Amino acid sequence: MKKLIPSFRLQIFIIFIILLFISVMFTRTFFIRSNDEFLQRLSEQNILANIESLYADFSGSIPTNQSQKFNRDVESLMLGQKAIDLSVDIYRQQINAYSRYIFIFILLSVLIVFVLSISLITRPLRRLQAGTQALMSGEKNIQIMENRFSPINDLILSFNSMVREVDRQRRIAIEAEKQLVWKEIARVMAHEIKNPLTPIKLSVERLEMKAGSNTEINTRLLHESLGIIKEEVNNLQTLVERFRGFASLPKARPEFYRFDVQLEEIVGAYRSDHNIALNIETNLPLIYADKIQMKQAIVNLIQNAIQSSDRDDFHIFINLRIDGDTIVLEIKDNGPGIPSKYIEKIFEPYFTTRRKGTGLGLPIVKRIIENHHGNIMLSSVEGHRTTFTITLPIIENER
Amino acid sequence: MFGTITDRLIATIISIGSLFFPFIDGIEPVFNDVRISIIENTLVLSMHLENCYTEELDKILMSGQVVTLRFQAELYDRIQTQPILTRQFYQTLRYNPLEKQYWLYSSEKDNSDTFSTLQQVHRNFSTLNNIYLLRAGDLEKGKNYFIRLTAYLDPITFISQKSNLDLMLYWNNKKPIVNTESFNLSIFYH
C-alpha cells in the first residue's frame, strides 16, 4: 500500500506540471479566443458581399468604354478580399499549431530543468543524506561523489573534508585511549603482581634465613612457606587467566535453549553452601544465546555477590521473568552494597574494590550481555543491597 | 536585443515543431490510370492524380489565387540511371469571383478551359490526356523503357504572410511519384 503513494519529489513534479498545464492552457485559450473574436469581427464585415452588391447595382450603368476597367477593378477587389479571408483562415490554423509547439517546448524545458535539478541538487543531496546515515551507523571513511556542476558541491566538499578530519581525530583519540589503557593495564598489572610477590619474597627470605643459620628447617615452616608461595602463584595464574579471558572473549555461538533450566543447574551448585532463593516465571520462551557465555556471566555475578559479604544471614534472590518482549533476570543480594561513587565505574575494566579482585569479572559480564543485544543495569543501596538486572531480547524460534 | 532573441527562439521552436507536428493534416496523392500510347507516331502519356484535394486546398482553389500544378515525366531505359528525356508541363487554375468561373490553363495545350463547379475542376486539374512526350522514331527498337512521373504544387503568396505558403504541406511535403511498367516499341505495333 505504501508503494502506491508517489514520492514527495514526484508529487511536487506532478503538481508543477498540472499548474503549468493549466496556466499555459489558460493563456493559450485567452489569446486564441481573442484572436478568433478579432478574425470573426473581420469576416462579419462581409466586404465581399458588399462588393458583389455594388457590382450588381452599377455594372449596368457603367459606360461601355469604362466597363472593362470597372470589371477589372472589382475583380481585383474581390480577389484581394478572398485572399484576406484565406490568409485569416490559415493564420488561425498556424496560431493553433504554434501555440501547441510552444506548449510542448515549455513542457520539455520543464522536464529538462526537472531532470537537471534531480541530477544536480536532489541526487547529491540524497548521497549526502546516505553518507550522513552511513556515518551515524559507524562507517568511517565515507567520501561522497563530487559533482562540480552541482550548486551544493561546496557542501559535499565540506562534508568530505569534515569526515576526513573526524576520522583523523578519531584515530588520534583511539591512539591516546590505547596509550591510556596500556598505562592503566601496566599500573594494575604492576599492582596485582606486586601483591602476591611480597608474601612469596617473605616466605623465600624466611626459608633462606633458616637455611643460612644452619638450624634445621622444620616441616611446618616449610609447608607453611611453600603453601604461601603456591597460593600466591595460583593467584597470579588466575590473574593472568582473567586478563586473557577478557582480551579474547570468543565469538558467541547462540542457540535456542531453556534458560530457566540452566539457571537452576547453576544455582544448584551453590545452594549447598549459600542461601539462594530462585523464582522463575512459568512458560518462559526459549532463549537465543551462547550457553557457555551466559553461564560464565551468571556465575560471575553470583560469585561477585558471594564474595562481597561475610554476613551470616547473607541471601541471594534470583528472579527470572518476562517483561514485554524481553526476558529479565534479577540477581539481588543483601550484602554491603556498592558506594554510589563507584557505581559508574563498576563495569570499567580493572576497577575493583576488593583486595584480590582483578576488576575484570563485571566488564566480562557486560560484554557478554551486550554481545547478546541485551543490557545490564546495577542498582545498589550502600549497607543494604545490590541488584544486577539483565534484560535480553526474546527472539522468535521459527523452527 | 531581447525581442530578437525571442523572435529567433520562437522561429526555431516553430521550425522544429513543424517537422514533427505539421499544422496541416496532409494527404498523399497517388498517380492512377497511367497510360502510354502511340498516336500518329508520337509517344503520348495520360494519367490522373487521385486523392490530391483537401478541404483546405479547395478553399485555396476557390480563393482566386493562381494555383499551379506541375508534372514531370522522365524517360529511362532499363540500363541507364540518368533519364534519357525529361519533360515538364503544368496546369494553372484561377477562380474568377466576378464570373464565378474557374479558368484552367494547360501548358501542353496552351489554351484555357472554364469550369463552373469545383467537381469539374477536380476532374480536370489533376488529369493529363495524351500529352506529347517524343516521336516514336526516337525510341530504339527492342530496347526497354519506363517513365517516371512526379507532380508537385507551387507555393502561393498571401498578403498577410511573411513568406510563401507551401502548398506541398497539404501533400505532407511528399511529391507523388510512380514508375510505369517497362515497355518497348514492339508492344505498340503488334
# chains A, B, ... in the order shown; residues from 1 in each chain; ligands from 1
>>> residues_around(residues="range 223-227 of chain A", least_positions_apart="2", cutoff="9 Å", atoms="only C-alpha atoms", output="ChimeraX atom specification")
/A:199-200,202-204,206-207,218-221,229-232
>>> closest_atom_pairs(of="chain A", to="chain B", cutoff="7 Å", atoms="only C-alpha atoms", output="tab-separated table")
residue	atom	partner	partner_atom	distance
A:Glu75	CA	B:Leu98	CA	5.7
A:Met78	CA	B:Pro97	CA	6.7
A:Leu79	CA	B:Gly64	CA	5.7
A:Lys82	CA	B:Ser63	CA	5.2
A:Ala83	CA	B:Ser63	CA	6.1
A:Leu86	CA	B:Ser63	CA	6.8
A:Ser87	CA	B:Ser160	CA	6.2
A:Gln93	CA	B:Phe23	CA	6.6
A:Gln94	CA	B:Phe23	CA	6.2
A:Ala97	CA	B:Phe23	CA	5.1
A:Tyr98	CA	B:Ile14	CA	6.1
A:Tyr101	CA	B:Gly17	CA	5.4
A:Ile102	CA	B:Ile13	CA	6.8
>>> residues_around(residues="range 275-278 of chain A", least_positions_apart="3", cutoff="12 Å", atoms="only C-alpha atoms", output="PyMOL selection string")
chain A and resi 260-261+263-272+281+302-303+305-306+311-321+329-334
>>> select_by_dssp(residues="range 136-354 of chain A", states="strand (DSSP E or B)", output="NGL selection string")
:A and (255-257 or 276-280 or 287-289 or 316-323 or 326-333)
>>> closest_residue(among="B:Phe115, B:Tyr53, B:Phe183, B:Trp103", to="Leu167 in chain B", atoms="only C-alpha atoms")
B:Tyr53
>>> closest_residue(among="A:His384, A:Leu301, A:Ile193, A:Ser67", to="Leu362 in chain A", atoms="only C-alpha atoms")
A:Leu301
>>> closest_residue(among="A:Pro124, A:Gln11, A:Leu39, A:Asp167", to="Glu139 in chain A", atoms="only C-alpha atoms")
A:Asp167
>>> residues_around(residues="range 36-39 of chain B", least_positions_apart="4", cutoff="12 Å", atoms="only C-alpha atoms", output="MDAnalysis selection string")
chainID B and resid 43:47 73 75 128:137 139 145:149 179:189
>>> residues_around(residues="Val30 in chain B", least_positions_apart="5", cutoff="9 Å", atoms="only C-alpha atoms", output="PDB file with N, CA and C atoms, in the first residue's frame")
ATOM      1  N   HIS B  48      -4.008  10.271 -64.262  1.00  0.00           N
ATOM      2  CA  HIS B  48      -4.861  11.040 -63.371  1.00  0.00           C
ATOM      3  C   HIS B  48      -4.253  10.973 -61.969  1.00  0.00           C
ATOM      4  N   LEU B  49      -4.226  12.130 -61.318  1.00  0.00           N
ATOM      5  CA  LEU B  49      -3.699  12.178 -59.940  1.00  0.00           C
ATOM      6  C   LEU B  49      -4.882  12.124 -58.972  1.00  0.00           C
ATOM      7  N   GLU B  50      -4.875  11.075 -58.172  1.00  0.00           N
ATOM      8  CA  GLU B  50      -6.013  10.884 -57.254  1.00  0.00           C
ATOM      9  C   GLU B  50      -5.657  11.297 -55.832  1.00  0.00           C
ATOM     10  N   ASN B  51      -6.704  11.517 -55.062  1.00  0.00           N
ATOM     11  CA  ASN B  51      -6.547  11.844 -53.638  1.00  0.00           C
ATOM     12  C   ASN B  51      -5.628  13.052 -53.428  1.00  0.00           C
ATOM     13  N   CYS B  52      -5.845  14.092 -54.210  1.00  0.00           N
ATOM     14  CA  CYS B  52      -4.937  15.247 -54.120  1.00  0.00           C
ATOM     15  C   CYS B  52      -5.639  16.513 -53.637  1.00  0.00           C
ATOM     16  N   PRO B 176       4.125  12.993 -55.162  1.00  0.00           N
ATOM     17  CA  PRO B 176       3.727  11.662 -55.629  1.00  0.00           C
ATOM     18  C   PRO B 176       4.654  11.240 -56.768  1.00  0.00           C
ATOM     19  N   ILE B 177       4.988   9.994 -56.786  1.00  0.00           N
ATOM     20  CA  ILE B 177       5.937   9.504 -57.801  1.00  0.00           C
ATOM     21  C   ILE B 177       5.498   8.109 -58.240  1.00  0.00           C
ATOM     22  N   VAL B 178       5.651   7.831 -59.509  1.00  0.00           N
ATOM     23  CA  VAL B 178       5.297   6.490 -59.999  1.00  0.00           C
ATOM     24  C   VAL B 178       6.196   6.137 -61.178  1.00  0.00           C
TER      25      VAL B 178
END
>>> atom_distance(atom1="CA of Asn144 in chain B", atom2="CA of Val34 in chain B")
17.4 Å
>>> closest_residue(among="B:Arg94, B:Thr54, B:Gln82, B:Ser116", to="Pro29 in chain B", atoms="only C-alpha atoms")
B:Thr54
>>> residues_around(residues="Asp110 in chain B", least_positions_apart="2", cutoff="12 Å", atoms="only C-alpha atoms", output="PyMOL selection string")
chain B and resi 89-92+104-108+112-113+131
>>> select_by_dssp(residues="range 61-123 of chain B", states="alpha helix (DSSP H)", output="list in words")
Leu61, Leu118, Gln119, Gln120, Val121, His122 and Arg123 of chain B
>>> write_last_selection(atoms="N, CA and C atoms", output="mmCIF file, in the first residue's frame")
data_model
loop_
_atom_site.group_PDB
_atom_site.id
_atom_site.type_symbol
_atom_site.label_atom_id
_atom_site.label_comp_id
_atom_site.auth_asym_id
_atom_site.auth_seq_id
_atom_site.Cartn_x
_atom_site.Cartn_y
_atom_site.Cartn_z
ATOM 1 N N LEU B 61 -8.240 26.925 -53.786
ATOM 2 C CA LEU B 61 -8.653 26.920 -55.200
ATOM 3 C C LEU B 61 -9.781 27.943 -55.433
ATOM 4 N N LEU B 118 -16.634 23.056 -58.693
ATOM 5 C CA LEU B 118 -15.389 22.515 -58.130
ATOM 6 C C LEU B 118 -15.199 21.048 -58.539
ATOM 7 N N GLN B 119 -16.307 20.323 -58.711
ATOM 8 C CA GLN B 119 -16.210 18.925 -59.125
ATOM 9 C C GLN B 119 -15.532 18.806 -60.485
ATOM 10 N N GLN B 120 -15.913 19.701 -61.354
ATOM 11 C CA GLN B 120 -15.288 19.696 -62.688
ATOM 12 C C GLN B 120 -13.791 20.020 -62.581
ATOM 13 N N VAL B 121 -13.500 20.946 -61.722
ATOM 14 C CA VAL B 121 -12.080 21.310 -61.518
ATOM 15 C C VAL B 121 -11.317 20.094 -61.028
ATOM 16 N N HIS B 122 -11.878 19.396 -60.056
ATOM 17 C CA HIS B 122 -11.209 18.205 -59.503
ATOM 18 C C HIS B 122 -10.904 17.191 -60.604
ATOM 19 N N ARG B 123 -11.868 17.011 -61.473
ATOM 20 C CA ARG B 123 -11.686 16.015 -62.547
ATOM 21 C C ARG B 123 -10.590 16.429 -63.522
#
>>> atom_distance(atom1="CA of Leu77 in chain A", atom2="CA of Gly60 in chain A")
18.5 Å
